[in-house]
Amino acid sequence: MSKKFFIKTFGCQMNFNDSERIRGILRTLGYEPTDRWEEADLILLNTCTIREKPDQKVLTHLGEYKKIKEKNPNALIAVSGCLAQRAGWELVQKAPVIDIMFSSFNMHQLPELINQAQAGYKAIAILETPPEDEDKVWEYPVERDNPYCAYVTIIKGCDKDCTYCVVPRTRGRERSRPMESILEEVKRLVDDGVREIHLLGQNVTAWGKDLPKPIPFSELLYEVSKIEGVERIRFTTGHPIDLTDDIIEAMATIPQVCDALHLPFQAGSNRILELMDRKYTKEFYLELTQKLKEKVKGIALSTDIIVGFPTETEEDFEHTLDVVRKVRFEQIFSFKFSPRPGTPAKDMEPQVPDDVKIERMKRLLDLQKEISSELAQRYLKGTWEVLIEEKRGDDIYVGRTTTNKWATVKAKEDIIGKLVRVKVYKATPFNLDCELVEVVR
Ligand code: SAH
Ligand code: SF4
Ligand code: F3S
């Protein structure tokens, strides 16, 4: 009987894509997936450490999963990802039940690590810097849940050093994946039936700068769009400072590039932006989003915001609300500032008390609720293109618009995996209820 693996993933889309790659690696080793950790021979937690909460979740889960050893003493427990990279040794001390540890630097070493662990050794492989041969990881297949939309990691790491953020420590400096390797994967994916390609990186817009012969990110967009079968292209996340005019131009000209963009601004006050070392001002961000709206008609913007960064005053926070009011995002993701070990912002004084963070967060969310509801109404006009991803029930299908909104579509015929045109009859911030107009292709 073949061995079984169970993976639990925390964190961002990059981490989910890493898990898809790890699943591919485990498949090549003969493992089969299971949804029940109780019957696994290998349990893997792919961790996140962006804020304090995800750190705590990992320990809670380890406490539960260690029971597996009572039933199956040969079962292995592995921890990978950002928490492993940031605090691996500390974690092994707290949870000696861990048999295997690695990070996004060395996923390709997993086969050797499993061998070591099976031979009875602790296989802890936390490296200071990414190994020379890390590009080997691209040779492994990815195993995806979604047959029509696929993530493709194009750049690892981040060079930005925002003062609150652990990512440069957990994922290292920027390393662009070579163009040929990306295009090859995209070709393989469309041959496999994928229609939407989602390019990923902590800072995708910086892609290409560090290649032996630098290439602008916009050129990658053109190259991906030339591959037959690529119907939609998305990319996440771009830092505002790297969103150059050629990229905006490419978004406006390439039909497959979706009219949606996630563009974190973090804070509205210039004083706070400087303390965060974000390298732009409120005015720069407002002009940039204005330009995007003019060039990419109907663009849906979304963003990340940190509430209660150290020293943030009521007046500073008002600037954040002002940006939200002016830009009118379709969606925001807001986070209470969480001090992270090893980051400069952790020691900035004074820190904002938790009750103030909670109160500001509530005001921010109330404002956004109003904006999202108003903006949703625009979907009631005209028709929209939806890529159907799954069937939800009898004659009910779900998919997303090019603006990245979830749509529930009633249809008599089987439209799974199809690009369809729909008419919206009810629009809320989280869902569009639609009727099928036609199947496009
Ligand atoms: N590379 C992406 C963001 C990655 S982290 C970018 O720069 O756009 C995702 C989000 O987590 C960030 O945009 C930020 O809003 C939030 N975040 C990061 N560090 C944080 C911290 N210490 N406390 C609270 N939120 C944080
Ligand atoms: Fe973190 Fe800033 Fe890099 Fe984003 S750009 S990953 S917030 S350091
Ligand atoms: Fe978390 Fe690492 Fe992503 S810290 S948000 S999993 S880059």
# chains A, B, ... in the order shown; residues from 1 in each chain; ligands from 1
$ select_by_dssp --residues "segment 105-338 of chain A" --states "helix (DSSP H, G or I)" --output "number ranges by chain"
A: 107-118, 134-139, 167-171, 179-191, 204-206, 217-226, 240-242, 245-253, 270-276, 282-295, 314-327
$ residues_near_ligand --ligand "ligand 3" --cutoff "9 Å" --atoms "only C-alpha atoms and all ligand atoms" --output "list of chain:residue names"
A:Thr9, A:Phe10, A:Gly11, A:Cys12, A:Gln13, A:Met14, A:Asn15, A:Phe16, A:Asn46, A:Thr47, A:Cys48, A:Thr49, A:Ile50, A:Arg51, A:Pro54, A:Gly81, A:Cys82, A:Leu83, A:Arg86, A:Ser104, A:Gly157, A:Cys165, A:Val166, A:Val167, A:Pro168, A:Thr170, A:Arg171, A:Gly201, A:Gln202
$ residues_around --residues "Glu315 of chain A" --least-positions-apart "5" --cutoff "12 Å" --atoms "only C-alpha atoms" --output "list in words"
Ala267, Gly268, Ser269, Asn270, Arg271, Ile272, Gly308, Thr320, Leu321, Asp322 and Arg360 of chain A
$ residues_near_ligand --ligand "ligand 1" --cutoff "6 Å" --atoms "only C-alpha atoms and all ligand atoms" --output "compact mmCIF listing (two decimals) with N, CA and C atoms, in the first residue's frame"
# COMPACT_ATOMS: atom_id res chain seq x y z
N ILE A 50 4.10 35.95 9.25
CA ILE A 50 3.97 37.38 8.92
C ILE A 50 3.49 38.19 10.13
N ARG A 51 2.58 37.58 10.90
CA ARG A 51 2.12 38.21 12.13
C ARG A 51 2.19 37.18 13.25
N TYR A 164 8.56 46.80 9.05
CA TYR A 164 7.68 45.95 9.88
C TYR A 164 7.72 44.49 9.44
N CYS A 165 8.41 44.19 8.34
CA CYS A 165 8.13 42.94 7.62
C CYS A 165 9.23 41.89 7.77
N GLN A 202 6.57 38.01 -4.01
CA GLN A 202 6.35 39.04 -2.98
C GLN A 202 6.42 40.41 -3.62
N ASN A 203 7.14 40.48 -4.71
CA ASN A 203 7.24 41.73 -5.42
C ASN A 203 7.41 41.43 -6.91
N THR A 237 2.22 40.11 -5.83
CA THR A 237 1.83 41.47 -5.54
C THR A 237 2.88 42.42 -6.09
N GLY A 238 2.47 43.58 -6.46
CA GLY A 238 3.44 44.55 -6.93
C GLY A 238 3.62 45.65 -5.90
N HIS A 239 4.84 46.10 -5.71
CA HIS A 239 5.10 47.26 -4.86
C HIS A 239 4.83 48.50 -5.72
N PRO A 264 -0.83 47.14 -2.46
CA PRO A 264 -0.83 47.53 -1.04
C PRO A 264 -0.31 48.95 -0.84
N GLN A 266 -0.58 50.30 2.63
CA GLN A 266 -0.17 50.15 4.05
C GLN A 266 -0.57 51.29 4.97
N ASP A 304 -3.66 46.30 0.77
CA ASP A 304 -3.38 45.90 2.16
C ASP A 304 -3.12 47.16 2.98
N ILE A 305 -3.61 47.15 4.22
CA ILE A 305 -3.44 48.30 5.10
C ILE A 305 -3.00 47.80 6.48
N ILE A 306 -2.03 48.47 7.08
CA ILE A 306 -1.64 48.15 8.46
C ILE A 306 -2.21 49.24 9.37
N PHE A 335 -4.79 44.83 8.56
CA PHE A 335 -4.14 44.06 9.62
C PHE A 335 -3.73 44.99 10.75
N LYS A 336 -3.92 44.52 11.98
CA LYS A 336 -3.38 45.26 13.11
C LYS A 336 -1.87 45.06 13.10
N PHE A 337 -1.12 46.12 13.32
CA PHE A 337 0.33 45.99 13.34
C PHE A 337 0.73 44.93 14.37
N SER A 338 1.63 44.05 13.96
CA SER A 338 2.10 42.99 14.84
C SER A 338 3.63 43.06 14.88
N PRO A 339 4.21 43.32 16.06
CA PRO A 339 5.67 43.47 16.12
C PRO A 339 6.36 42.13 15.82
N ARG A 340 7.26 42.12 14.87
CA ARG A 340 7.92 40.88 14.49
C ARG A 340 9.39 40.86 14.90
$ atom_distance --atom1 "atom CA of Gln93 of chain A" --atom2 "atom CA of Thr60 of chain A"
14.9 Å
$ closest_residue --among "A:Ala260, A:Phe105, A:Gln351, A:Lys326" --to "Ile126 of chain A" --atoms "only C-alpha atoms"
A:Phe105
$ residues_around --residues "Leu62 of chain A" --least-positions-apart "6" --cutoff "9 Å" --atoms "only C-alpha atoms" --output "list in words"
Leu45, Ile77, Ala95, Val97 and Ile98 of chain A
$ write_last_selection --atoms "all heavy atoms" --output "compact mmCIF listing (two decimals), in the first residue's frame"
# COMPACT_ATOMS: atom_id res chain seq x y z
N LEU A 45 3.45 20.74 7.82
CA LEU A 45 2.88 22.06 8.04
C LEU A 45 3.72 23.07 7.29
O LEU A 45 4.90 23.23 7.59
CB LEU A 45 2.94 22.43 9.52
CG LEU A 45 1.81 21.97 10.40
CD1 LEU A 45 2.23 20.73 11.16
CD2 LEU A 45 1.45 23.07 11.36
N ILE A 77 6.73 13.90 11.00
CA ILE A 77 6.13 15.24 11.06
C ILE A 77 7.15 16.24 10.51
O ILE A 77 8.30 16.28 10.97
CB ILE A 77 5.71 15.60 12.50
CG1 ILE A 77 4.59 14.64 12.94
CG2 ILE A 77 5.27 17.06 12.58
CD1 ILE A 77 3.93 14.97 14.24
N ALA A 95 9.03 22.00 20.09
CA ALA A 95 8.25 20.85 19.60
C ALA A 95 9.19 19.77 19.08
O ALA A 95 9.41 19.64 17.88
CB ALA A 95 7.29 21.30 18.50
N VAL A 97 8.88 16.89 18.55
CA VAL A 97 8.21 15.90 17.72
C VAL A 97 8.51 16.10 16.23
O VAL A 97 8.30 15.21 15.41
CB VAL A 97 6.70 15.96 18.02
CG1 VAL A 97 6.12 17.28 17.58
CG2 VAL A 97 5.96 14.81 17.42
N ILE A 98 9.07 17.26 15.88
CA ILE A 98 9.37 17.55 14.47
C ILE A 98 10.52 16.66 13.99
O ILE A 98 11.58 16.61 14.61
CB ILE A 98 9.74 19.04 14.29
CG1 ILE A 98 8.56 19.94 14.69
CG2 ILE A 98 10.20 19.34 12.87
CD1 ILE A 98 8.91 21.41 14.80
$ closest_residue --among "A:Met1, A:Met348, A:Val356, A:Met276" --to "ligand 2" --atoms "only C-alpha atoms and all ligand atoms"
A:Met276
$ atom_distance --atom1 "atom CA of Val386 of chain A" --atom2 "atom CA of Gln256 of chain A"
13.1 Å
$ closest_residue --among "A:Glu231, A:Asp99, A:Asp355, A:Glu389" --to "Asp145 of chain A" --atoms "only C-alpha atoms"
A:Glu389
